[in-house]
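Q: To start, I am sharing the structure in question, which I have written as structure tokens.
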Amino acid sequence: MAMSQVGLRYLGNSAFEILTENGLRLYIDPHIQGNQLCPVSLDDLLPADLILVSHGAKDHVSDAPELAKKFQCPVVCDPGVGYYLKTLGIPESQIINMVWGQLRKFRELKIRALESKHVSFLREGPFPITGLPLSFIITTESGFKIYHSGDTSIFTDLRLFGRLYRPDVGLILVGNYPGALAELSPQEAALAVKWLGLRWAIPMHYEQGSPEPQQFTRAVKRYSPKTKALRMDPGDWQYFKVRKSPGQGQKPTGKGGRGKRGHRAEIA
Amino acid sequence: MAMSQVGLRYLGNSAFEILTENGLRLYIDPHIQGNQLCPVSLDDLLPADLILVSHGAKDHVSDAPELAKKFQCPVVCDPGVGYYLKTLGIPESQIINMVWGQLRKFRELKIRALESKHVSFLREGPFPITGLPLSFIITTESGFKIYHSGDTSIFTDLRLFGRLYRPDVGLILVGNYPGALAELSPQEAALAVKWLGLRWAIPMHYEQGSPEPQQFTRAVKRYSPKTKALRMDPGDWQYFKVRKSPGQGQKPTGKGGRGKRGHRAEIA
Amino acid sequence: MAMSQVGLRYLGNSAFEILTENGLRLYIDPHIQGNQLCPVSLDDLLPADLILVSHGAKDHVSDAPELAKKFQCPVVCDPGVGYYLKTLGIPESQIINMVWGQLRKFRELKIRALESKHVSFLREGPFPITGLPLSFIITTESGFKIYHSGDTSIFTDLRLFGRLYRPDVGLILVGNYPGALAELSPQEAALAVKWLGLRWAIPMHYEQGSPEPQQFTRAVKRYSPKTKALRMDPGDWQYFKVRKSPGQGQKPTGKGGRGKRGHRAEIA
């Protein structure tokens with residue numbers, strides 16, 4: 001059976017690079033500059049096809065405006081972040097506003113925006129810009145589904161989302177951005193993982209040297225034993241085998257090297 | 001037993017006219033101008049006693065300011081839309097701000113505002129105005145309860161609302177405004193119908209020629225077989241028989257003609 | 001066994017003074033001036049260690065800015081209220097922004113911010129400031145947990161909060177601020193009490209002479225018979241015995257006198 005793979009690279013904080021089986025490159029919450037855990041610089045990033053921003057906060061919007069200008073690619077975000085991007089000169093044609101429940105096709109991908117229990121609040125300009133905090137499910141060409149929690153506290157409708165949308169792998173916050181407070185403890189994050197029905201769960205949004213990823217791994221074993229927690233160090237790639245015919249299950253293919261550049265040719 | 005009737009006219013998108021058994025006329029989300037599915041013009045509308053706006057969005061606020069000025073009637077809306085209406089010169093005495101959970105008497109009617117999972121976001125002025133997206137339950141003089149979903153994605157507390165407030169008929173979004181994306185699929189809408197425990201469900205918020213109302217009807221049959229889905233073409237009136245003593249059940253009396261004007265005298 | 005006590009004084013509306021077993025004094029939603037039910041004046045208030053504001057609304061932010069300036073103490077609030085306080089000249093060092101799910105230590109206390117189903121909306125300045133409405137759980141030095149609902153409508157995740165965080169006593173809105181509408185009926189408030197698993201529940205946020213506190217007491221007996229509803233008149237102190245070793249249960253010690261000043265020496 002023809003197999004292919006989806007690659008995920010962790011960039012520290014809530015930032016991930018996704019390389020789909022057909023070669024599309026996405027960045028989520030691209031916090032590169034000023035991110036103590038990010039092993040790469042802006043110049044190291046390869047051109048993106050799409051950028052996603054979960055909500056209006058410095059460590060999530062971050063370098064999205066600069067990358068959107070550099071790569072001239074669309075940015076998926078809530079209306080508040082969209083408004084903000086426009087004030088920074090990003091053309092409206094590049095701004096894709098989404099709200100909870102919507103499903104949008106992007107080339108062969110599908111992007112679903114869902115609720116996260118947080119705030120989208122930007123205070124950089126002359127007036128505050130409030131919006132709607134998002135989580136995402138990105139469905140790749142073959143049907144592999146990647147959930148990104150954004151920032152969220154625990155809530156029961158995660159169970160509904162698990163049943164309705166069946167994500168495969170989840171990128172789940174387990175701690176806090178340096179200097180801030182966690183919205184979800186490692187134990188609550190494990191409960192979220194159980195409710196979402198994830199096969200694999202990758203902790204994110206923690207400080208350097210934090211015990212939270214390990215606490216998360218233990219809690220996932222306890223609360224959601226069918227899920228495999230995958231700890232990723234910043235810079236690591238994690239690959240998932242996907243069948244070329246969609247919807248028939250996937251398995252992880254193991255970590256790749258910590259290359260500074262994630263050329264698709266390097267993926268084993 | 002003395003009977004009377006409540007009339008609902010669908011005006012396309014999420015716009016409805018309600019004519020209560022005692023002759024009060026309400027408009028909800030009155031999107032008349034620029035609404036491809038609306039069969040009437042502003043001049044055709046009879047004087048309103050009350051206007052309701054579910055949230056701040058162009059296709060829901062729409063003609064509410066103009067109608068409020070013309071008819072000098074109150075507008076029920078969230079604080080964000082209320083702020084916006086004030087900037088347009090609507091007197092504060094006409095603006096009735098409501099938030100989730102509140103129940104307000106209006107003459108012999110009751111208006112309950114409930115959560116909808118969406119955003120209230122207006123970007124027309126010098127700064128964005130964010131508020132609180134609403135759904136409504138309107139209880140007529142005899143106790144007949146009309147739920148209007150506003151824009152919403154699926155969420156479990158709809159089940160709580162069904163149990164606590166027991167709406168009779170629901171006006172439920174099943175698709176999208178032209179050029180936008182749906183927040184609720186026809187299948188999710190049918191799940192909402194089940195959770196709300198509706199007797200009758202009327203699909204709204206779809207494009208001309210969309211298959212979504214039919215998909216909704218099929219999904220309601222499957223997920224909520226006790227509910228009758230009533231497809232309304234824009235301009236149609238649907239009547240519900242209500243007993244003059246409140247709270248004793250109602251039944252639909254069938255469609256009226258597609259008259260451009262919904263004089264109460266025309267109701268059969 | 002060494003015992004100590006936590007004191008709560010009701011100041012009308014949603015305003016409470018808390019005096020912890022180790023002598024820390026907190027004010028929540030300090031609506032003093034213009035609060036028809038508040039028996040004290042601003043000058044009567046003893047210096048606070050911390051002020052908490054649940055959301056942006058006149059009757060909840062109220063005198064928090066003036067007290068923050070007077071006592072130079074921190075204010076815990078959502079980012080919207082925090083932004084507003086800054087515009088009033090409160091130093092940023094005094095503003096502690098919190099969002100849902102976060103747990104913050106303050107000296108020997110813990111402050112948890114949780115969702116409330118409402119709006120944080122301030123319209124006093126040149127543009128509206130929207131934020132994130134909060135409820136709080138304050139854990140005192142010995143582990144006694146006080147829940148303050150803020151303004152909220154009914155929602156199912158209160159059950160989740162009850163299971164995860166196990167508050168002991170709840171300060172629960174049961175009615176409305178004069179001139180406004182209730183977001184939670186006494187019956188819904190009793191359902192909230194049940195879901196939160198409270199041992200004691202104190203009604204708040206009602207008009208002078210309102211029947212709602214009594215309706216609440218009856219509804220708590222019916223829906224949550226294990227909970228004791230404690231009606232407090234404005235100015236009353238209610239004390240809770242707490243063990244000096246944390247987490248081993250508490251019991252109320254009865255009402256104190258209605259002294260205008262709540263010196264700790266007067267307690268018992």
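Numbering starts fresh at 1 for the residues of each chain in the structure tokens, the chains themselves are lettered A, B, ... in the order given, and ligands are numbered from 1 as they appear.
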Within region 44-231 of chain A, find each residue whose DSSP state, derived from the backbone, is strand (DSSP E), and express the selection as a VMD selection string.

A: chain A and resid 50 to 52 75 to 77 95 to 97 103 to 106 109 to 115 121 to 122 129 to 130 134 to 139 145 to 148 169 to 173 200 to 204 228 to 229

Q: Within 8 Å of Arg9 (chain A), counting only C-alpha atoms, which residues qualify if same-chain residues fewer than 4 places away don't, as JSON, numbers by chain?

A: {"A": [16, 17, 18, 234, 235, 236, 237, 238]}

Q: Using N, CA and C atoms, can you write the selected residues to a file as a PDB file, in the first residue's frame?

A:
```pdb
ATOM      1  N   PHE A  16       4.552  25.523  15.726  1.00  0.00           N
ATOM      2  CA  PHE A  16       4.828  24.292  14.995  1.00  0.00           C
ATOM      3  C   PHE A  16       4.926  24.597  13.507  1.00  0.00           C
ATOM      4  N   GLU A  17       5.766  23.818  12.871  1.00  0.00           N
ATOM      5  CA  GLU A  17       5.813  23.782  11.417  1.00  0.00           C
ATOM      6  C   GLU A  17       5.194  22.467  10.991  1.00  0.00           C
ATOM      7  N   ILE A  18       4.338  22.489   9.993  1.00  0.00           N
ATOM      8  CA  ILE A  18       3.730  21.273   9.470  1.00  0.00           C
ATOM      9  C   ILE A  18       4.123  21.130   8.012  1.00  0.00           C
ATOM     10  N   PRO A 234      12.386  21.150  21.179  1.00  0.00           N
ATOM     11  CA  PRO A 234      12.327  22.168  20.131  1.00  0.00           C
ATOM     12  C   PRO A 234      13.349  21.861  19.039  1.00  0.00           C
ATOM     13  N   GLY A 235      12.904  21.938  17.820  1.00  0.00           N
ATOM     14  CA  GLY A 235      13.758  21.603  16.679  1.00  0.00           C
ATOM     15  C   GLY A 235      13.502  20.204  16.151  1.00  0.00           C
ATOM     16  N   ASP A 236      12.949  19.346  16.976  1.00  0.00           N
ATOM     17  CA  ASP A 236      12.653  17.967  16.560  1.00  0.00           C
ATOM     18  C   ASP A 236      11.567  17.923  15.490  1.00  0.00           C
ATOM     19  N   TRP A 237      11.731  16.979  14.588  1.00  0.00           N
ATOM     20  CA  TRP A 237      10.648  16.621  13.671  1.00  0.00           C
ATOM     21  C   TRP A 237      10.025  15.317  14.156  1.00  0.00           C
ATOM     22  N   GLN A 238       8.751  15.205  13.989  1.00  0.00           N
ATOM     23  CA  GLN A 238       8.035  13.952  14.253  1.00  0.00           C
ATOM     24  C   GLN A 238       7.233  13.656  12.998  1.00  0.00           C
TER      25      GLN A 238
END
```

Q: List as a PDB file with N, CA, C and O atoms, in the first residue's frame the protein and nucleic acid residues near Gln72 (chain B), meaning an atom at most 12 Å away when only C-alpha atoms are counted, but skip any in the same chain fewer than 2 places from it.

A:
```
ATOM      1  N   PRO B  47     -45.056  48.454  10.190  1.00  0.00           N
ATOM      2  CA  PRO B  47     -44.410  48.957  11.411  1.00  0.00           C
ATOM      3  C   PRO B  47     -44.162  47.859  12.447  1.00  0.00           C
ATOM      4  O   PRO B  47     -45.029  47.021  12.699  1.00  0.00           O
ATOM      5  N   ALA B  48     -42.957  47.890  13.004  1.00  0.00           N
ATOM      6  CA  ALA B  48     -42.566  46.884  13.986  1.00  0.00           C
ATOM      7  C   ALA B  48     -42.787  47.416  15.395  1.00  0.00           C
ATOM      8  O   ALA B  48     -42.681  48.617  15.654  1.00  0.00           O
ATOM      9  N   ASP B  49     -43.124  46.511  16.295  1.00  0.00           N
ATOM     10  CA  ASP B  49     -43.168  46.843  17.716  1.00  0.00           C
ATOM     11  C   ASP B  49     -41.808  46.627  18.367  1.00  0.00           C
ATOM     12  O   ASP B  49     -41.486  47.244  19.384  1.00  0.00           O
ATOM     13  N   LEU B  50     -41.032  45.722  17.794  1.00  0.00           N
ATOM     14  CA  LEU B  50     -39.737  45.374  18.383  1.00  0.00           C
ATOM     15  C   LEU B  50     -38.846  44.784  17.292  1.00  0.00           C
ATOM     16  O   LEU B  50     -39.315  44.050  16.418  1.00  0.00           O
ATOM     17  N   ILE B  51     -37.565  45.120  17.387  1.00  0.00           N
ATOM     18  CA  ILE B  51     -36.562  44.524  16.498  1.00  0.00           C
ATOM     19  C   ILE B  51     -35.555  43.804  17.385  1.00  0.00           C
ATOM     20  O   ILE B  51     -35.194  44.302  18.456  1.00  0.00           O
ATOM     21  N   ALA B  64     -31.406  47.028  10.669  1.00  0.00           N
ATOM     22  CA  ALA B  64     -31.976  47.332  11.985  1.00  0.00           C
ATOM     23  C   ALA B  64     -31.896  48.826  12.315  1.00  0.00           C
ATOM     24  O   ALA B  64     -32.883  49.401  12.787  1.00  0.00           O
ATOM     25  N   PRO B  65     -30.758  49.502  12.061  1.00  0.00           N
ATOM     26  CA  PRO B  65     -30.722  50.934  12.388  1.00  0.00           C
ATOM     27  C   PRO B  65     -31.783  51.727  11.615  1.00  0.00           C
ATOM     28  O   PRO B  65     -32.492  52.546  12.203  1.00  0.00           O
ATOM     29  N   GLU B  66     -31.888  51.452  10.329  1.00  0.00           N
ATOM     30  CA  GLU B  66     -32.837  52.212   9.513  1.00  0.00           C
ATOM     31  C   GLU B  66     -34.279  51.942   9.972  1.00  0.00           C
ATOM     32  O   GLU B  66     -35.102  52.877  10.080  1.00  0.00           O
ATOM     33  N   LEU B  67     -34.571  50.691  10.244  1.00  0.00           N
ATOM     34  CA  LEU B  67     -35.928  50.349  10.688  1.00  0.00           C
ATOM     35  C   LEU B  67     -36.218  50.918  12.074  1.00  0.00           C
ATOM     36  O   LEU B  67     -37.349  51.339  12.356  1.00  0.00           O
ATOM     37  N   ALA B  68     -35.215  50.928  12.931  1.00  0.00           N
ATOM     38  CA  ALA B  68     -35.413  51.501  14.272  1.00  0.00           C
ATOM     39  C   ALA B  68     -35.750  52.987  14.173  1.00  0.00           C
ATOM     40  O   ALA B  68     -36.600  53.503  14.911  1.00  0.00           O
ATOM     41  N   LYS B  69     -35.058  53.660  13.255  1.00  0.00           N
ATOM     42  CA  LYS B  69     -35.353  55.088  13.057  1.00  0.00           C
ATOM     43  C   LYS B  69     -36.751  55.277  12.458  1.00  0.00           C
ATOM     44  O   LYS B  69     -37.508  56.153  12.878  1.00  0.00           O
ATOM     45  N   LYS B  70     -37.065  54.463  11.479  1.00  0.00           N
ATOM     46  CA  LYS B  70     -38.341  54.598  10.768  1.00  0.00           C
ATOM     47  C   LYS B  70     -39.523  54.309  11.692  1.00  0.00           C
ATOM     48  O   LYS B  70     -40.501  55.053  11.718  1.00  0.00           O
ATOM     49  N   PRO B  74     -38.155  49.879  19.895  1.00  0.00           N
ATOM     50  CA  PRO B  74     -36.938  49.419  20.576  1.00  0.00           C
ATOM     51  C   PRO B  74     -36.214  48.326  19.797  1.00  0.00           C
ATOM     52  O   PRO B  74     -36.825  47.610  19.000  1.00  0.00           O
ATOM     53  N   VAL B  75     -34.913  48.233  20.065  1.00  0.00           N
ATOM     54  CA  VAL B  75     -34.074  47.179  19.485  1.00  0.00           C
ATOM     55  C   VAL B  75     -33.429  46.410  20.624  1.00  0.00           C
ATOM     56  O   VAL B  75     -32.743  46.996  21.459  1.00  0.00           O
ATOM     57  N   GLY B  89     -26.743  57.190  16.050  1.00  0.00           N
ATOM     58  CA  GLY B  89     -27.768  58.164  16.391  1.00  0.00           C
ATOM     59  C   GLY B  89     -29.091  57.578  16.865  1.00  0.00           C
ATOM     60  O   GLY B  89     -30.069  58.316  17.038  1.00  0.00           O
ATOM     61  N   ILE B  90     -29.136  56.280  17.068  1.00  0.00           N
ATOM     62  CA  ILE B  90     -30.346  55.699  17.653  1.00  0.00           C
ATOM     63  C   ILE B  90     -30.402  56.139  19.113  1.00  0.00           C
ATOM     64  O   ILE B  90     -29.418  55.994  19.842  1.00  0.00           O
ATOM     65  N   PRO B  91     -31.528  56.697  19.563  1.00  0.00           N
ATOM     66  CA  PRO B  91     -31.586  57.156  20.964  1.00  0.00           C
ATOM     67  C   PRO B  91     -31.425  55.986  21.935  1.00  0.00           C
ATOM     68  O   PRO B  91     -31.923  54.890  21.684  1.00  0.00           O
ATOM     69  N   GLU B  92     -30.754  56.275  23.041  1.00  0.00           N
ATOM     70  CA  GLU B  92     -30.540  55.223  24.051  1.00  0.00           C
ATOM     71  C   GLU B  92     -31.850  54.636  24.557  1.00  0.00           C
ATOM     72  O   GLU B  92     -31.913  53.474  24.947  1.00  0.00           O
ATOM     73  N   SER B  93     -32.885  55.459  24.557  1.00  0.00           N
ATOM     74  CA  SER B  93     -34.169  54.977  25.058  1.00  0.00           C
ATOM     75  C   SER B  93     -34.728  53.850  24.185  1.00  0.00           C
ATOM     76  O   SER B  93     -35.583  53.092  24.619  1.00  0.00           O
ATOM     77  N   GLN B  94     -34.225  53.731  22.961  1.00  0.00           N
ATOM     78  CA  GLN B  94     -34.707  52.671  22.069  1.00  0.00           C
ATOM     79  C   GLN B  94     -33.840  51.422  22.127  1.00  0.00           C
ATOM     80  O   GLN B  94     -34.170  50.418  21.511  1.00  0.00           O
ATOM     81  N   ILE B  95     -32.703  51.508  22.814  1.00  0.00           N
ATOM     82  CA  ILE B  95     -31.734  50.401  22.802  1.00  0.00           C
ATOM     83  C   ILE B  95     -31.885  49.568  24.073  1.00  0.00           C
ATOM     84  O   ILE B  95     -31.736  50.080  25.182  1.00  0.00           O
TER      85      ILE B  95
END
```

Q: Using only C-alpha atoms for the distances, tell me which of C:Ala201, C:Leu103, C:Ala219, C:Ala182 is nearest to chain B.

A: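 With only C-alpha atoms as the atom set, the closest residue is C:Ala182.
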
Q: If you count only C-alpha atoms, which residues fall within 10 Å of Asp157 (chain C), apart from same-chain ones fewer than 6 positions away, as a short mmCIF file (atom, residue, chain, number, x, y, z; two decimals) with all heavy atoms, in the first residue's frame?

A:
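And here's out-v7.cif as it stands now:
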```
data_model
loop_
_atom_site.label_atom_id
_atom_site.label_comp_id
_atom_site.auth_asym_id
_atom_site.auth_seq_id
_atom_site.Cartn_x
_atom_site.Cartn_y
_atom_site.Cartn_z
N ILE A 154 -9.75 24.13 30.66
CA ILE A 154 -10.46 22.87 30.45
C ILE A 154 -11.96 23.14 30.29
O ILE A 154 -12.53 24.00 30.96
CB ILE A 154 -10.19 21.89 31.63
CG1 ILE A 154 -10.75 20.50 31.34
CG2 ILE A 154 -10.70 22.43 32.95
CD1 ILE A 154 -9.92 19.71 30.39
N PHE A 155 -12.58 22.43 29.36
CA PHE A 155 -14.03 22.53 29.18
C PHE A 155 -14.57 21.25 28.56
O PHE A 155 -13.86 20.56 27.82
CB PHE A 155 -14.43 23.77 28.38
CG PHE A 155 -13.96 23.82 26.95
CD1 PHE A 155 -14.86 23.74 25.90
CD2 PHE A 155 -12.61 23.96 26.64
CE1 PHE A 155 -14.44 23.80 24.57
CE2 PHE A 155 -12.19 24.01 25.31
CZ PHE A 155 -13.11 23.93 24.28
N THR A 156 -15.82 20.97 28.87
CA THR A 156 -16.40 19.67 28.53
C THR A 156 -16.63 19.48 27.05
O THR A 156 -16.63 18.34 26.57
CB THR A 156 -17.74 19.49 29.28
OG1 THR A 156 -17.53 19.78 30.66
CG2 THR A 156 -18.23 18.07 29.17
N ASP A 157 -16.85 20.54 26.30
CA ASP A 157 -17.15 20.36 24.87
C ASP A 157 -15.97 19.80 24.08
O ASP A 157 -16.14 19.43 22.91
CB ASP A 157 -17.67 21.66 24.25
CG ASP A 157 -19.19 21.77 24.39
OD1 ASP A 157 -19.83 20.79 24.83
OD2 ASP A 157 -19.74 22.82 24.05
N THR B 156 -22.77 21.77 23.70
CA THR B 156 -23.59 20.85 24.48
C THR B 156 -24.65 21.56 25.31
O THR B 156 -25.69 20.97 25.61
CB THR B 156 -22.69 20.01 25.41
OG1 THR B 156 -21.65 19.44 24.62
CG2 THR B 156 -23.47 18.89 26.05
N ASP B 157 -24.42 22.79 25.71
CA ASP B 157 -25.39 23.46 26.57
C ASP B 157 -26.72 23.74 25.87
O ASP B 157 -27.69 24.13 26.52
CB ASP B 157 -24.81 24.74 27.17
CG ASP B 157 -24.09 24.46 28.50
OD1 ASP B 157 -24.15 23.31 28.99
OD2 ASP B 157 -23.47 25.38 29.05
N GLU C 115 -14.20 30.59 34.09
CA GLU C 115 -15.19 31.18 33.21
C GLU C 115 -16.42 31.62 33.98
O GLU C 115 -16.87 30.97 34.92
CB GLU C 115 -15.62 30.13 32.16
CG GLU C 115 -16.57 30.71 31.12
CD GLU C 115 -16.91 29.72 30.02
OE1 GLU C 115 -16.63 28.52 30.18
OE2 GLU C 115 -17.45 30.16 28.99
N SER C 116 -16.97 32.76 33.58
CA SER C 116 -18.37 33.04 33.90
C SER C 116 -19.02 33.40 32.57
O SER C 116 -18.35 33.86 31.65
CB SER C 116 -18.49 34.16 34.93
OG SER C 116 -18.24 35.41 34.34
N ARG C 163 -16.22 19.44 40.34
CA ARG C 163 -15.46 18.19 40.49
C ARG C 163 -13.96 18.43 40.55
O ARG C 163 -13.25 17.77 41.30
CB ARG C 163 -15.77 17.27 39.31
CG ARG C 163 -17.14 16.67 39.41
CD ARG C 163 -17.40 15.72 38.26
NE ARG C 163 -18.78 15.25 38.34
CZ ARG C 163 -19.42 14.63 37.36
NH1 ARG C 163 -18.79 14.37 36.23
NH2 ARG C 163 -20.66 14.23 37.50
N ALA C 192 -26.77 25.67 40.00
CA ALA C 192 -25.33 25.97 40.00
C ALA C 192 -24.69 25.50 41.30
O ALA C 192 -23.61 24.90 41.30
CB ALA C 192 -25.10 27.47 39.81
N TRP C 195 -24.29 21.76 41.20
CA TRP C 195 -23.22 21.34 40.29
C TRP C 195 -21.85 21.68 40.87
O TRP C 195 -20.89 20.94 40.66
CB TRP C 195 -23.41 22.00 38.93
CG TRP C 195 -24.55 21.39 38.16
CD1 TRP C 195 -25.20 20.23 38.43
CD2 TRP C 195 -25.17 21.92 36.97
NE1 TRP C 195 -26.19 20.01 37.50
CE2 TRP C 195 -26.19 21.01 36.59
CE3 TRP C 195 -24.97 23.07 36.20
CZ2 TRP C 195 -27.00 21.22 35.47
CZ3 TRP C 195 -25.75 23.27 35.07
CH2 TRP C 195 -26.76 22.36 34.72
N LEU C 196 -21.75 22.78 41.58
CA LEU C 196 -20.47 23.16 42.19
C LEU C 196 -20.15 22.31 43.42
O LEU C 196 -19.04 22.33 43.92
CB LEU C 196 -20.49 24.64 42.56
CG LEU C 196 -20.41 25.62 41.38
CD1 LEU C 196 -20.89 27.00 41.80
CD2 LEU C 196 -18.98 25.69 40.83
#
```

Q: Please determine the contact residues of chain C with respect to chain A at a cut-off of 8 Å, counting only C-alpha atoms, and supply them as a ChimeraX atom specification.

A: /C:79,83,99-104,127,129-132,157,160

Q: Nearest to Lys241 (chain B) among B:Asp168, B:Leu52, B:Thr253, B:Pro225, with distances taken over only C-alpha atoms: which residue is it?

A: B:Thr253

Q: Excluding Asn22 (chain B) and any residue of its chain fewer than 5 positions from it, enumerate the residues within 12 Å of it, using only C-alpha atoms, and give them as a VMD selection string.

A: chain B and resid 3 to 7 49 107 to 109 140 to 143 242 to 244 264

Q: Report, in Å with one decimal, the straight-line distance from CA of His31 (chain C) to CA of Leu11 (chain C).

A: 7.8 Å

Q: Can you check which residues of region 98-163 of chain B DSSP gives as helix (DSSP H, G or I) on the backbone and send them as an MDAnalysis selection string?

A: chainID B and resid 157:163

Q: Go ahead and write the selection's residues with all heavy atoms as a compact mmCIF listing (two decimals), in the first residue's frame.

A:
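Result written to out_38.txt:
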```
# COMPACT_ATOMS: atom_id res chain seq x y z
N ASP B 157 -24.42 22.79 25.71
CA ASP B 157 -25.39 23.46 26.57
C ASP B 157 -26.72 23.74 25.87
O ASP B 157 -27.69 24.13 26.52
CB ASP B 157 -24.81 24.74 27.17
CG ASP B 157 -24.09 24.46 28.50
OD1 ASP B 157 -24.15 23.31 28.99
OD2 ASP B 157 -23.47 25.38 29.05
N LEU B 158 -26.79 23.50 24.57
CA LEU B 158 -28.09 23.56 23.90
C LEU B 158 -29.05 22.55 24.54
O LEU B 158 -30.25 22.77 24.61
CB LEU B 158 -27.93 23.25 22.41
CG LEU B 158 -27.21 24.33 21.61
CD1 LEU B 158 -26.89 23.83 20.20
CD2 LEU B 158 -28.04 25.61 21.55
N ARG B 159 -28.49 21.46 25.03
CA ARG B 159 -29.30 20.45 25.72
C ARG B 159 -29.86 21.03 27.03
O ARG B 159 -31.04 20.82 27.36
CB ARG B 159 -28.43 19.23 26.00
CG ARG B 159 -29.17 18.02 26.49
CD ARG B 159 -28.20 16.99 27.06
NE ARG B 159 -27.31 16.41 26.09
CZ ARG B 159 -27.54 15.25 25.47
NH1 ARG B 159 -28.64 14.57 25.75
NH2 ARG B 159 -26.67 14.76 24.61
N LEU B 160 -29.02 21.75 27.73
CA LEU B 160 -29.46 22.43 28.96
C LEU B 160 -30.56 23.43 28.64
O LEU B 160 -31.58 23.50 29.35
CB LEU B 160 -28.26 23.13 29.60
CG LEU B 160 -28.51 23.96 30.86
CD1 LEU B 160 -28.93 23.08 32.03
CD2 LEU B 160 -27.26 24.77 31.24
N PHE B 161 -30.37 24.19 27.59
CA PHE B 161 -31.38 25.20 27.22
C PHE B 161 -32.70 24.51 26.87
O PHE B 161 -33.77 25.00 27.20
CB PHE B 161 -30.91 26.05 26.03
CG PHE B 161 -29.65 26.83 26.29
CD1 PHE B 161 -28.92 27.36 25.25
CD2 PHE B 161 -29.19 27.04 27.59
CE1 PHE B 161 -27.76 28.09 25.47
CE2 PHE B 161 -28.02 27.76 27.82
CZ PHE B 161 -27.31 28.28 26.76
N GLY B 162 -32.60 23.39 26.18
CA GLY B 162 -33.82 22.65 25.83
C GLY B 162 -34.57 22.20 27.07
O GLY B 162 -35.80 22.32 27.15
N ARG B 163 -33.81 21.70 28.04
CA ARG B 163 -34.46 21.20 29.26
C ARG B 163 -35.04 22.31 30.12
O ARG B 163 -36.11 22.18 30.71
CB ARG B 163 -33.46 20.40 30.09
CG ARG B 163 -33.17 19.06 29.45
CD ARG B 163 -32.19 18.27 30.30
NE ARG B 163 -31.85 17.03 29.59
CZ ARG B 163 -30.83 16.25 29.91
NH1 ARG B 163 -30.05 16.56 30.93
NH2 ARG B 163 -30.60 15.15 29.24
```

Q: Restricting the calculation to only C-alpha atoms, which member of B:Gly23, B:Thr139, B:Trp200, B:Phe71 is positioned closest to Asp43 (chain B)?

A: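 Using only C-alpha atoms, the shortest distance to Asp43 (chain B) belongs to B:Phe71.
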